[in-house]
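What follows is the content of query10.txt (compact mmCIF, C-alpha atoms).
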# COMPACT_ATOMS: atom_id res chain seq x y z
CA MET A 1 -59.14 12.66 15.33
CA ASN A 2 -57.72 10.99 12.28
CA ILE A 3 -54.94 8.78 11.13
CA GLN A 4 -53.29 8.19 7.81
CA VAL A 5 -51.09 5.27 7.01
CA VAL A 6 -49.24 4.92 3.73
CA LEU A 7 -47.14 1.85 3.08
CA LYS A 8 -44.52 1.43 0.38
CA GLU A 9 -43.25 -2.07 -0.20
CA GLU A 10 -40.24 -3.10 -2.26
CA GLU A 11 -38.51 -6.46 -2.32
CA ASN A 12 -37.25 -6.81 1.22
CA PHE A 13 -37.99 -3.37 2.45
CA VAL A 14 -41.15 -1.69 3.65
CA LYS A 15 -41.55 1.91 4.62
CA GLY A 16 -44.60 3.28 6.38
CA PHE A 17 -45.62 6.89 6.87
CA ILE A 18 -48.00 7.42 9.74
CA SER A 19 -49.65 10.74 10.45
CA GLY A 20 -52.29 11.90 12.89
CA GLU A 21 -53.21 10.57 16.30
CA ILE A 22 -52.88 6.97 17.39
CA ASP A 23 -55.35 6.23 20.14
CA ALA A 24 -58.00 3.65 21.02
CA PHE A 25 -60.13 4.77 18.08
CA THR A 26 -57.49 4.94 15.37
CA ALA A 27 -55.21 2.11 16.54
CA PRO A 28 -57.38 -0.59 14.87
CA ILE A 29 -56.89 1.20 11.52
CA LEU A 30 -53.13 1.14 11.98
CA ARG A 31 -53.23 -2.50 13.08
CA GLU A 32 -55.17 -3.51 9.98
CA LYS A 33 -52.85 -1.61 7.69
CA LEU A 34 -49.70 -3.06 9.25
CA ALA A 35 -51.24 -6.53 9.05
CA THR A 36 -51.16 -6.25 5.25
CA VAL A 37 -47.36 -6.30 5.31
CA GLN A 38 -46.35 -9.71 3.94
CA PRO A 39 -44.17 -11.59 6.41
CA LYS A 40 -40.79 -12.28 4.81
CA GLU A 41 -37.53 -13.64 6.11
CA GLY A 42 -35.28 -10.76 7.11
CA LEU A 43 -37.73 -7.98 6.20
CA GLN A 44 -36.48 -4.44 6.86
CA ALA A 45 -39.30 -2.24 8.08
CA GLU A 46 -39.20 1.45 8.80
CA LEU A 47 -42.04 3.48 10.25
CA ASP A 48 -41.82 7.23 9.87
CA MET A 49 -43.69 8.78 12.77
CA SER A 50 -42.68 12.43 12.40
CA ASP A 51 -46.29 13.44 11.75
CA VAL A 52 -47.74 11.56 14.69
CA SER A 53 -49.01 14.20 17.08
CA TYR A 54 -50.21 11.84 19.78
CA MET A 55 -49.96 8.20 20.66
CA ASP A 56 -51.35 6.41 23.70
CA SER A 57 -50.68 2.96 25.06
CA THR A 58 -53.13 1.33 22.64
CA GLY A 59 -50.97 2.61 19.79
CA LEU A 60 -47.90 1.29 21.55
CA GLY A 61 -49.57 -2.12 21.58
CA VAL A 62 -49.98 -2.08 17.81
CA ILE A 63 -46.35 -1.09 17.28
CA VAL A 64 -45.13 -3.82 19.63
CA ALA A 65 -47.26 -6.48 17.92
CA PHE A 66 -45.80 -5.38 14.56
CA PHE A 67 -42.29 -5.46 16.01
CA LYS A 68 -42.83 -8.99 17.37
CA ASN A 69 -44.16 -10.25 14.04
CA ILE A 70 -41.30 -8.86 11.98
CA ASN A 71 -38.75 -10.02 14.54
CA ALA A 72 -40.13 -13.55 14.46
CA ASP A 73 -38.87 -13.76 10.84
CA ASN A 74 -35.52 -12.27 11.73
CA GLY A 75 -36.60 -8.93 10.35
CA HIS A 76 -35.82 -5.49 11.65
CA VAL A 77 -38.06 -2.61 12.65
CA LYS A 78 -36.88 0.97 12.79
CA LEU A 79 -38.98 3.86 14.04
CA THR A 80 -38.03 7.34 12.90
CA GLY A 81 -39.00 10.92 13.58
CA LEU A 82 -40.26 10.48 17.11
CA SER A 83 -41.32 13.62 18.95
CA PRO A 84 -39.92 14.12 22.47
CA ARG A 85 -43.24 13.01 23.96
CA LEU A 86 -43.25 9.80 21.94
CA LYS A 87 -39.58 9.23 22.72
CA ARG A 88 -40.40 9.49 26.43
CA LEU A 89 -43.15 6.90 26.00
CA PHE A 90 -40.69 4.45 24.43
CA ASP A 91 -38.06 5.21 27.07
CA ILE A 92 -40.35 4.75 30.05
CA THR A 93 -41.78 1.51 28.74
CA GLY A 94 -38.31 0.11 28.13
CA LEU A 95 -39.24 -0.48 24.48
CA GLY A 96 -36.58 2.01 23.42
CA GLU A 97 -34.00 -0.55 24.57
CA ILE A 98 -35.23 -3.38 22.38
CA MET A 99 -36.37 -1.40 19.34
CA HIS A 100 -34.38 0.70 16.91
CA ILE A 101 -35.49 4.27 17.43
CA GLU A 102 -34.45 7.51 15.83
CA THR A 103 -35.76 10.78 17.14
CA ASP A 104 -36.98 13.71 15.16
CA ASP A 105 -33.97 15.92 14.39
CA LYS A 106 -36.10 18.87 13.44
CA GLY A 107 -35.73 20.10 17.02
CA GLY A 108 -31.94 19.97 16.65
CA ASN A 109 -30.54 17.24 18.83
CA MET B 110 -108.31 -2.94 20.55
CA PRO B 111 -107.37 -2.18 16.90
CA GLN B 112 -110.97 -1.18 16.32
CA GLU B 113 -110.72 1.21 19.22
CA ILE B 114 -107.56 2.70 17.72
CA GLU B 115 -109.23 3.00 14.32
CA ARG B 116 -112.17 4.75 15.91
CA GLN B 117 -109.95 7.18 17.81
CA TYR B 118 -107.83 7.92 14.77
CA LYS B 119 -110.88 8.52 12.61
CA GLU B 120 -112.10 11.09 15.11
CA ILE B 121 -108.74 12.89 15.21
CA LEU B 122 -108.54 12.90 11.43
CA ARG B 123 -112.12 14.14 11.10
CA GLN B 124 -111.41 17.03 13.48
CA TYR B 125 -108.26 18.00 11.65
CA VAL B 126 -109.76 17.83 8.17
CA MET B 127 -112.51 20.11 9.39
CA ARG B 128 -110.30 22.57 11.22
CA GLN B 129 -106.52 22.69 10.84
CA THR B 130 -105.76 24.07 14.27
CA GLU B 131 -102.65 23.63 16.36
CA GLN B 132 -104.73 21.82 18.93
CA ASN B 133 -106.00 19.23 16.47
CA LEU B 134 -102.48 18.72 15.18
CA TYR B 135 -101.27 18.23 18.72
CA ALA B 136 -103.90 15.52 19.27
CA GLY B 137 -102.33 13.65 16.37
CA GLN B 138 -98.86 13.96 17.86
CA ASN B 139 -100.06 12.58 21.15
CA PHE B 140 -101.83 9.76 19.42
CA SER B 141 -98.67 8.72 17.58
CA ARG B 142 -96.98 8.28 20.95
CA GLN B 143 -99.73 5.89 21.93
CA LEU B 144 -99.23 3.96 18.69
CA ILE B 145 -95.51 3.58 19.35
CA GLN B 146 -96.23 2.38 22.86
CA LYS B 147 -98.62 -0.23 21.54
CA ASN B 148 -96.02 -1.34 19.00
CA ILE B 149 -98.15 -0.52 15.98
CA ALA B 150 -96.01 -0.87 12.87
CA PRO B 151 -95.81 2.05 10.38
CA GLU B 152 -97.61 0.11 7.62
CA GLU B 153 -100.50 -0.55 10.01
CA VAL B 154 -100.76 3.16 10.73
CA ILE B 155 -101.19 3.78 7.01
CA SER B 156 -103.81 1.01 6.79
CA ILE B 157 -105.69 2.72 9.61
CA HIS B 158 -105.44 6.03 7.78
CA LYS B 159 -106.67 4.45 4.56
CA ALA B 160 -109.62 2.77 6.32
CA ALA B 161 -110.62 6.02 8.00
CA LEU B 162 -110.39 7.91 4.71
CA GLU B 163 -112.49 5.29 2.91
CA GLU B 164 -115.27 5.82 5.42
CA MET B 165 -115.08 9.60 5.36
CA PHE B 166 -114.60 10.13 1.63
CA PRO B 167 -115.81 7.01 -0.17
CA GLU B 168 -116.04 8.91 -3.45
CA LEU B 169 -112.28 9.49 -3.83
CA PRO B 170 -110.87 8.17 -7.13
CA MET B 171 -109.44 4.63 -7.34
CA ASN B 172 -105.94 6.03 -8.08
CA VAL B 173 -105.76 7.39 -4.56
CA TRP B 174 -106.55 4.02 -3.00
CA HIS B 175 -103.96 2.31 -5.20
CA SER B 176 -101.34 4.77 -4.12
CA PHE B 177 -102.01 3.80 -0.50
CA ASP B 178 -101.38 0.15 -1.29
CA LEU B 179 -97.98 1.08 -2.69
CA LEU B 180 -97.19 3.18 0.34
CA ILE B 181 -98.18 0.36 2.72
CA GLU B 182 -95.91 -2.02 0.83
CA MET B 183 -93.06 0.44 1.13
CA MET B 184 -93.55 1.07 4.80
CA ILE B 185 -93.18 -2.62 5.66
CA ARG B 186 -89.38 -2.15 5.43
CA TYR B 187 -89.59 0.73 7.87
CA GLY B 188 -91.59 -1.48 10.20
CA LEU B 189 -88.91 -4.16 10.11
CA ALA B 190 -86.17 -1.61 10.75
CA HIS B 191 -88.15 -0.33 13.69
CA ALA B 192 -88.56 -3.84 15.13
CA GLU B 193 -84.84 -4.41 14.72
CA HIS B 194 -84.11 -1.16 16.53
CA GLN B 195 -86.35 -2.29 19.39
CA SER B 196 -84.56 -5.61 19.71
CA LEU B 197 -81.16 -3.88 19.65
CA LEU B 198 -82.27 -1.62 22.46
CA GLU B 199 -83.25 -4.67 24.47
CA GLN B 200 -79.94 -6.38 23.75
CA GLN B 201 -78.08 -3.24 24.75
CA GLU B 202 -79.96 -3.19 28.02
CA GLU B 203 -78.98 -6.83 28.63
CA ILE B 204 -75.32 -6.08 27.93
CA LYS B 205 -75.45 -3.12 30.27
CA VAL B 206 -76.81 -5.29 33.06
CA GLU B 207 -74.09 -7.86 32.43
CA MET B 208 -71.41 -5.16 32.44
CA ASP B 209 -72.67 -3.93 35.79
CA LEU B 210 -72.46 -7.45 37.16
CA ALA B 211 -68.96 -7.93 35.73
CA ALA B 212 -67.81 -4.64 37.21
CA ASN B 213 -69.10 -5.81 40.57
CA VAL B 214 -67.32 -9.14 40.24
CA GLN B 215 -64.14 -7.27 39.33
CA ARG B 216 -64.40 -5.04 42.39
CA THR B 217 -64.89 -8.04 44.67
CA LEU B 218 -62.25 -10.18 42.99
CA LEU B 219 -59.59 -7.51 42.96
CA LYS B 220 -60.20 -6.13 46.40
CA THR B 221 -57.01 -5.47 48.31
CA THR B 222 -56.47 -4.29 51.84
CA VAL B 223 -54.46 -1.19 52.57
CA PRO B 224 -51.68 -2.30 54.93
CA GLU B 225 -51.01 -0.66 58.26
CA VAL B 226 -47.40 -0.40 59.33
CA ALA B 227 -45.83 1.92 61.87
CA GLY B 228 -44.91 5.40 60.66
CA LEU B 229 -46.39 5.07 57.19
CA GLU B 230 -49.55 6.61 55.82
CA ILE B 231 -51.05 5.24 52.64
CA GLY B 232 -53.49 7.10 50.41
CA LEU B 233 -55.21 5.47 47.45
CA VAL B 234 -57.60 6.51 44.72
CA SER B 235 -58.42 4.41 41.65
CA VAL B 236 -61.24 5.40 39.34
CA PRO B 237 -62.12 3.65 36.08
CA ALA B 238 -62.87 5.76 32.98
CA ARG B 239 -65.54 3.27 32.00
CA LYS B 240 -67.21 0.55 34.02
CA MET B 241 -64.26 -1.80 34.23
CA ASN B 242 -60.93 -0.66 35.58
CA GLY B 243 -57.72 -1.28 33.60
CA ASP B 244 -55.60 -0.07 36.51
CA TYR B 245 -54.79 -2.41 39.32
CA ILE B 246 -53.45 -2.01 42.83
CA TYR B 247 -52.23 -4.88 44.94
CA PHE B 248 -50.83 -4.53 48.43
CA LEU B 249 -48.46 -7.11 49.82
CA SER B 250 -47.66 -6.63 53.48
CA ASP B 251 -46.85 -8.44 56.70
CA ASP B 252 -48.61 -5.59 58.52
CA LEU B 253 -45.53 -5.18 60.65
CA LYS B 254 -42.26 -4.37 58.95
CA ASN B 255 -42.96 -4.30 55.24
CA ALA B 256 -45.59 -2.69 53.09
CA GLY B 257 -45.42 -3.40 49.38
CA VAL B 258 -47.59 -2.07 46.60
CA ALA B 259 -47.96 -3.04 42.97
CA VAL B 260 -49.41 -0.41 40.66
CA ALA B 261 -50.28 -1.91 37.30
CA ASP B 262 -51.84 -0.58 34.13
CA VAL B 263 -53.09 -2.97 31.50
CA ILE B 264 -52.77 -1.55 28.00
CA GLY B 265 -56.23 -1.15 26.71
CA LYS B 266 -59.42 -0.46 28.55
CA GLY B 267 -62.63 -2.22 29.31
CA ILE B 268 -63.33 -5.91 29.54
CA PRO B 269 -60.15 -7.44 28.04
CA ALA B 270 -58.04 -5.31 30.37
CA ALA B 271 -60.15 -6.30 33.35
CA LEU B 272 -59.78 -9.98 32.57
CA CYS B 273 -56.04 -9.59 32.23
CA MET B 274 -55.90 -8.16 35.70
CA SER B 275 -56.82 -11.35 37.49
CA MET B 276 -53.58 -12.82 36.12
CA ILE B 277 -51.59 -10.29 38.13
CA LYS B 278 -53.71 -10.90 41.17
CA TYR B 279 -53.08 -14.64 41.20
CA GLY B 280 -49.42 -14.12 40.43
CA MET B 281 -49.12 -11.75 43.36
CA ASP B 282 -51.20 -14.02 45.59
CA SER B 283 -48.71 -16.81 44.97
CA LEU B 284 -45.84 -14.66 46.28
CA GLN B 285 -47.17 -14.13 49.78
CA ASP B 286 -43.83 -12.83 51.00
CA ALA B 287 -43.76 -9.16 51.86
CA THR B 288 -39.96 -9.18 51.97
CA SER B 289 -39.70 -10.17 48.27
CA ASP B 290 -37.43 -7.91 46.25
CA PRO B 291 -39.28 -5.71 43.75
CA LYS B 292 -37.09 -6.86 40.84
CA LYS B 293 -37.92 -10.48 41.68
CA VAL B 294 -41.63 -9.73 41.94
CA LEU B 295 -41.58 -8.18 38.45
CA ASP B 296 -39.57 -11.05 37.03
CA ILE B 297 -42.12 -13.60 38.29
CA ILE B 298 -45.15 -11.63 37.08
CA ASN B 299 -43.47 -11.06 33.69
CA ARG B 300 -43.03 -14.79 33.14
CA ILE B 301 -46.69 -15.40 33.96
CA VAL B 302 -47.95 -12.56 31.77
CA GLU B 303 -45.64 -13.29 28.82
CA LYS B 304 -47.03 -16.81 28.52
CA SER B 305 -50.62 -15.75 28.59
CA VAL B 306 -51.18 -12.58 26.60
CA ASP B 307 -51.71 -11.63 22.97
CA ASP B 308 -49.01 -9.88 20.98
CA ASP B 309 -50.56 -6.46 21.30
CA MET B 310 -51.43 -6.69 24.95
CA PHE B 311 -49.12 -5.89 27.78
CA ILE B 312 -48.94 -4.46 31.23
CA SER B 313 -46.85 -1.79 32.86
CA MET B 314 -46.21 -2.26 36.54
CA PHE B 315 -44.39 -0.52 39.33
CA TYR B 316 -43.55 -2.37 42.51
CA GLY B 317 -42.38 -0.61 45.64
CA ARG B 318 -41.74 -1.88 49.13
CA TYR B 319 -41.32 0.18 52.26
CA ASN B 320 -39.33 -1.28 55.10
CA VAL B 321 -40.19 0.13 58.51
CA GLU B 322 -36.94 -0.70 60.33
CA GLN B 323 -34.68 1.00 57.80
CA SER B 324 -37.18 3.59 56.53
CA VAL B 325 -36.17 2.58 53.05
CA PHE B 326 -38.35 2.40 49.97
CA THR B 327 -37.14 -0.14 47.41
CA TYR B 328 -38.60 -0.12 43.93
CA ALA B 329 -38.46 -1.52 40.42
CA SER B 330 -40.44 -0.75 37.30
CA ALA B 331 -41.68 -2.70 34.31
CA GLY B 332 -42.15 0.08 31.80
CA HIS B 333 -44.29 2.06 34.20
CA GLU B 334 -44.58 5.82 34.76
CA PRO B 335 -41.80 6.83 37.15
CA ALA B 336 -42.96 7.48 40.71
CA LEU B 337 -42.36 10.90 42.25
CA PHE B 338 -40.33 11.24 45.42
CA TYR B 339 -40.95 14.29 47.56
CA ASP B 340 -38.01 15.31 49.71
CA ALA B 341 -39.51 17.34 52.58
CA GLN B 342 -36.16 18.74 53.69
CA LYS B 343 -35.31 20.13 50.25
CA GLY B 344 -38.94 20.78 49.35
CA GLU B 345 -38.34 19.17 45.95
CA PHE B 346 -39.68 16.40 43.78
CA SER B 347 -37.55 13.94 41.87
CA GLU B 348 -38.55 11.12 39.55
CA LEU B 349 -37.81 7.57 40.65
CA HIS B 350 -36.60 6.02 37.42
CA ALA B 351 -35.85 2.33 37.14
CA LYS B 352 -35.05 0.56 33.90
CA GLY B 353 -37.21 -2.34 32.90
CA LEU B 354 -39.34 -3.50 30.00
CA LEU B 355 -43.14 -3.75 30.03
CA LEU B 356 -44.54 -7.06 31.25
CA GLY B 357 -45.45 -9.56 28.57
CA VAL B 358 -43.18 -8.50 25.69
CA VAL B 359 -40.28 -10.95 26.11
CA PRO B 360 -39.82 -13.79 28.64
CA ASN B 361 -36.43 -12.90 30.13
CA VAL B 362 -36.04 -9.40 31.45
CA THR B 363 -33.67 -8.08 34.07
CA TYR B 364 -35.29 -5.39 36.13
CA ALA B 365 -33.20 -2.68 37.74
CA GLN B 366 -33.86 -2.07 41.42
CA HIS B 367 -33.16 1.07 43.41
CA GLU B 368 -33.88 2.39 46.86
CA VAL B 369 -34.46 5.68 48.54
CA LYS B 370 -34.24 6.54 52.22
CA MET B 371 -37.34 8.23 53.59
CA GLU B 372 -37.30 10.87 56.29
CA TYR B 373 -40.16 12.43 58.20
CA GLY B 374 -42.57 14.21 55.85
CA ASP B 375 -41.15 12.58 52.69
CA PHE B 376 -43.60 10.85 50.44
CA ILE B 377 -43.75 8.82 47.27
CA VAL B 378 -46.40 9.29 44.60
CA MET B 379 -47.15 6.31 42.38
CA MET B 380 -49.54 6.68 39.48
CA THR B 381 -50.75 5.41 36.15
CA ASP B 382 -50.74 7.26 32.82
CA GLY B 383 -54.34 8.29 33.46
CA VAL B 384 -52.72 10.86 35.76
CA THR B 385 -49.73 11.93 33.66
CA GLU B 386 -51.58 11.86 30.34
CA CYS B 387 -54.45 14.04 31.51
CA ARG B 388 -55.66 15.98 28.49
CA THR B 389 -57.87 18.99 28.22
CA ASP B 390 -59.11 20.54 24.99
CA GLU B 391 -56.09 22.83 25.02
CA GLY B 392 -53.57 20.01 25.41
CA PHE B 393 -51.86 18.00 28.09
CA ILE B 394 -51.87 18.98 31.72
CA GLU B 395 -48.17 19.33 32.32
CA GLN B 396 -46.38 17.28 34.94
CA GLU B 397 -45.26 20.50 36.68
CA ILE B 398 -48.86 21.48 37.33
CA ILE B 399 -49.55 18.13 38.96
CA ALA B 400 -46.34 18.37 40.99
CA SER B 401 -47.11 21.89 42.21
CA LEU B 402 -50.64 20.80 43.09
CA ILE B 403 -49.26 17.95 45.19
CA HIS B 404 -46.68 20.29 46.67
CA SER B 405 -49.39 22.66 47.88
CA LEU B 406 -50.99 19.72 49.70
CA ARG B 407 -47.76 18.34 51.19
CA ASP B 408 -48.82 18.79 54.82
CA GLU B 409 -52.13 16.99 54.39
CA SER B 410 -52.67 13.30 55.05
CA ALA B 411 -51.83 10.87 52.24
CA GLN B 412 -55.49 10.15 51.59
CA THR B 413 -56.43 13.84 51.49
CA ILE B 414 -53.65 14.49 48.96
CA VAL B 415 -54.79 11.78 46.54
CA ASP B 416 -58.47 12.69 46.89
CA THR B 417 -57.82 16.39 46.29
CA VAL B 418 -55.51 15.79 43.32
CA TYR B 419 -58.12 13.54 41.75
CA LYS B 420 -60.86 16.13 42.23
CA GLU B 421 -58.74 18.95 40.82
CA LEU B 422 -57.60 17.01 37.74
CA GLU B 423 -61.13 15.82 37.15
CA LYS B 424 -62.27 19.43 37.20
CA MET B 425 -59.51 20.50 34.77
CA GLN B 426 -60.72 17.80 32.36
CA ASN B 427 -64.33 18.89 32.62
CA PHE B 428 -65.27 15.86 34.70
CA GLU B 429 -64.58 13.54 31.83
CA LEU B 430 -61.95 10.87 32.48
CA ARG B 431 -60.30 9.65 29.29
CA ASP B 432 -58.30 6.95 30.99
CA ASP B 433 -58.44 5.00 34.23
CA PHE B 434 -56.98 7.10 37.01
CA THR B 435 -54.92 5.68 39.87
CA LEU B 436 -52.85 7.46 42.47
CA VAL B 437 -51.13 5.93 45.52
CA ILE B 438 -49.12 7.82 48.12
CA PHE B 439 -46.76 6.39 50.72
CA LYS B 440 -46.02 9.08 53.29
CA LYS B 441 -43.64 8.78 56.19
CA THR B 442 -45.30 10.26 59.25
CA HIS B 443 -42.78 9.55 62.00

Here is the file; what I need is its structure written in the form of structure tokens.
Amino acid sequence: MNIQVVLKEEENFVKGFISGEIDAFTAPILREKLATVQPKEGLQAELDMSDVSYMDSTGLGVIVAFFKNINADNGHVKLTGLSPRLKRLFDITGLGEIMHIETDDKGGN
Amino acid sequence: MPQEIERQYKEILRQYVMRQTEQNLYAGQNFSRQLIQKNIAPEEVISIHKAALEEMFPELPMNVWHSFDLLIEMMIRYGLAHAEHQSLLEQQEEIKVEMDLAANVQRTLLKTTVPEVAGLEIGLVSVPARKMNGDYIYFLSDDLKNAGVAVADVIGKGIPAALCMSMIKYGMDSLQDATSDPKKVLDIINRIVEKSVDDDMFISMFYGRYNVEQSVFTYASAGHEPALFYDAQKGEFSELHAKGLLLGVVPNVTYAQHEVKMEYGDFIVMMTDGVTECRTDEGFIEQEIIASLIHSLRDESAQTIVDTVYKELEKMQNFELRDDFTLVIFKKTH
């Protein structure tokens, strides 16, 4: 069970690539990494989750906290490459309605 | 006492130096257990060895004795590490006792009574993965015409989740009206939770209310797993979806509310993600498997269904729960 998080920051834009499993054990690693993102007015953040094979509710908590932080500075968070299972998680929790989500098109939508 | 130990050790050493048998070696092993029990530090053991050797072979060269002094000095660190290990073990034991107490307090604090209303059977199973439960069940009923149930799952496990739970309990306690609409119940609890939780903590909750006179089940969901509705006439399951955001994310949320008419033999299965996210080494246990399992038990009592499903899923996961597991069934019996 492993996770890898790579962040690329430029001016007003940050892109994160997350791969692996996000669960109770790996979520703290993701939280720490996302906490290094400098809060900026109107920051555009994008998290690529196409290589996330599993995420549980602890992971969801980290994503929501990140979303709240960025939103507080009028920023924007986009999640991309969600697998059907992850998409369902965001749909059921109602988070899909308040967050910008793009599903993985590899499956041909 | 130390003299006694020195004497015993000298004897064991003497025997072994004379004859290197398994038996003499074994005596040494046993003796080391005694030393551990008596809390003799490693450097003391070497001192004892040195003293015994001095008596037995006084003619050994000085270099050998010096080397022992170095070894004793080095072993002092090991002794300290050992003492630290002992104290950690004790602390761990203390924490364990406190956890047991806390789990007991939680059970007492969060106790809820299964309502009894005409024509409705209620089955409930809720098992924590660890000591403290992050799932919560609260029944709100007038024991006459309305039976309501809140099924909540606090994100996260263990102690923080358990503490969070009492917030829902007191929120629900303040309602005290079994006729309250599910969407209103969720709205009230959301306002309470939103004010009081951290950014990365939230709760999913399903609230359903069965009305005896109309045989109608009314429900709303705050980001919770959809409940399953079993239609006895058609012999089919359908998911009871209701739009609504998790509790504690934003203060103002409008929760959708729906209802379903229940006929004889119909039942509703409410659960937490400990049920739907059951994982084995090969992967997830698919929803269809759970549904077909419940289907095969459809004629049993509500309590038998939940108990059997729990046992079966526990078996499939090799008796190792990864998440708190909660299952509630409302079954219309006449």

Quiz prompt | Shell around Pro151 in chain B at 12 Å using only C-alpha atoms, local window under 4 positions removed, as a list in words | solution = Ser141, Leu144, Ile145, Lys147, Ile155, Ser156, Ile157, His158, Leu180, Ile181, Glu182, Met183, Met184, Ile185, Arg186, Tyr187, Gly188, Leu189, Ala190, His191 and Ala192 of chain B

Practice problem: Grab the CA of Ile398 in chain B to CA of Leu356 in chain B distance for me, in Å with one decimal place. | Solution: 29.5 Å

Just want the 8 Å neighbourhood of Asp296 in chain B, counted on all atoms listed in the file, with same-chain residues fewer than 5 positions away dropped. Output as a PDB file with C-alpha atoms, in the coordinates of the input.
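Once everything was written out, this is around24.pdb:
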ATOM      1  CA  ASN B 361     -36.430 -12.900  30.130  1.00  0.00           C
ATOM      2  CA  VAL B 362     -36.040  -9.400  31.450  1.00  0.00           C
ATOM      3  CA  THR B 363     -33.670  -8.080  34.070  1.00  0.00           C
ATOM      4  CA  TYR B 364     -35.290  -5.390  36.130  1.00  0.00           C
TER       5      TYR B 364
END

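Computed from the coordinates, the CA of Tyr245 in chain B to CA of Lys441 in chain B distance equals 23.1 Å.
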
Quiz item: Separation of CA of Thr417 in chain B and CA of Val234 in chain B, in Å?
Solution: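 One can read the CA of Thr417 in chain B to CA of Val234 in chain B distance as 10.0 Å.
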
Quiz item: Any idea which chain B residues end up within 10 Å of chain A if we count only C-alpha atoms, as a PyMOL selection string please?
Solution: chain B and resi 262-266+307-314+330-335+350-356+358-359+382+386

Print the selection's residues with C-alpha atoms to a file, as a short mmCIF file (atom, residue, chain, number, x, y, z; two decimals), in the coordinates of the input.
data_model
loop_
_atom_site.label_atom_id
_atom_site.label_comp_id
_atom_site.auth_asym_id
_atom_site.auth_seq_id
_atom_site.Cartn_x
_atom_site.Cartn_y
_atom_site.Cartn_z
CA ASP B 262 -51.84 -0.58 34.13
CA VAL B 263 -53.09 -2.97 31.50
CA ILE B 264 -52.77 -1.55 28.00
CA GLY B 265 -56.23 -1.15 26.71
CA LYS B 266 -59.42 -0.46 28.55
CA ASP B 307 -51.71 -11.63 22.97
CA ASP B 308 -49.01 -9.88 20.98
CA ASP B 309 -50.56 -6.46 21.30
CA MET B 310 -51.43 -6.69 24.95
CA PHE B 311 -49.12 -5.89 27.78
CA ILE B 312 -48.94 -4.46 31.23
CA SER B 313 -46.85 -1.79 32.86
CA MET B 314 -46.21 -2.26 36.54
CA SER B 330 -40.44 -0.75 37.30
CA ALA B 331 -41.68 -2.70 34.31
CA GLY B 332 -42.15 0.08 31.80
CA HIS B 333 -44.29 2.06 34.20
CA GLU B 334 -44.58 5.82 34.76
CA PRO B 335 -41.80 6.83 37.15
CA HIS B 350 -36.60 6.02 37.42
CA ALA B 351 -35.85 2.33 37.14
CA LYS B 352 -35.05 0.56 33.90
CA GLY B 353 -37.21 -2.34 32.90
CA LEU B 354 -39.34 -3.50 30.00
CA LEU B 355 -43.14 -3.75 30.03
CA LEU B 356 -44.54 -7.06 31.25
CA VAL B 358 -43.18 -8.50 25.69
CA VAL B 359 -40.28 -10.95 26.11
CA ASP B 382 -50.74 7.26 32.82
CA GLU B 386 -51.58 11.86 30.34
#

Self-check item: Residue among A:Asn2, A:Gln44, A:Gln38, A:Ser83 lying closest to Ile22 in chain A, counting all atoms listed in the file
Solution: A:Asn2

Practice problem: Have a look at A:Phe13, A:Glu46, A:Thr103, A:Ile3 and name the one nearest to Ala27 in chain A; count all atoms listed in the file. | Solution: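 Among the listed residues, the smallest separation from Ala27 in chain A belongs to A:Ile3.
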
Quiz item: B:Glu131, B:Asp282, B:Glu368, B:Glu153: which is nearest Glu115 in chain B, counting all atoms listed in the file?
Solution: B:Glu153

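Protein, DNA and RNA residues at most 12 Å from (-67.0, -6.5, 40.9), with all atoms listed in the file, are these: Glu207, Met208, Asp209, Leu210, Ala211, Ala212, Asn213, Val214, Gln215, Arg216, Thr217, Leu218, Leu219, Lys220, Lys240, Met241, Asn242, Ile268, Ala271, Leu272 and Ser275 of chain B.
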
Exercise. May I ask which of the residues B:Gln146, B:Glu199, B:Ala160, B:Met165 is the closest one to Val126 in chain B, counting all atoms listed in the file?
Key: B:Met165

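Residues in contact with Lys8 in chain A at 12 Å, where only C-alpha atoms are counted and same-chain residues fewer than 2 positions away are skipped, are listed as Val5, Val6, Glu10, Glu11, Asn12, Phe13, Val14, Lys15, Gly16, Phe17, Ile18, Lys33, Leu34, Thr36, Val37, Gln38, Gln44, Ala45, Glu46, Leu47 and Asp48 of chain A.
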
Save the residues we just selected, C-alpha atoms, as a compact mmCIF listing (two decimals), in the frame of the given file?
# COMPACT_ATOMS: atom_id res chain seq x y z
CA VAL A 5 -51.09 5.27 7.01
CA VAL A 6 -49.24 4.92 3.73
CA GLU A 10 -40.24 -3.10 -2.26
CA GLU A 11 -38.51 -6.46 -2.32
CA ASN A 12 -37.25 -6.81 1.22
CA PHE A 13 -37.99 -3.37 2.45
CA VAL A 14 -41.15 -1.69 3.65
CA LYS A 15 -41.55 1.91 4.62
CA GLY A 16 -44.60 3.28 6.38
CA PHE A 17 -45.62 6.89 6.87
CA ILE A 18 -48.00 7.42 9.74
CA LYS A 33 -52.85 -1.61 7.69
CA LEU A 34 -49.70 -3.06 9.25
CA THR A 36 -51.16 -6.25 5.25
CA VAL A 37 -47.36 -6.30 5.31
CA GLN A 38 -46.35 -9.71 3.94
CA GLN A 44 -36.48 -4.44 6.86
CA ALA A 45 -39.30 -2.24 8.08
CA GLU A 46 -39.20 1.45 8.80
CA LEU A 47 -42.04 3.48 10.25
CA ASP A 48 -41.82 7.23 9.87
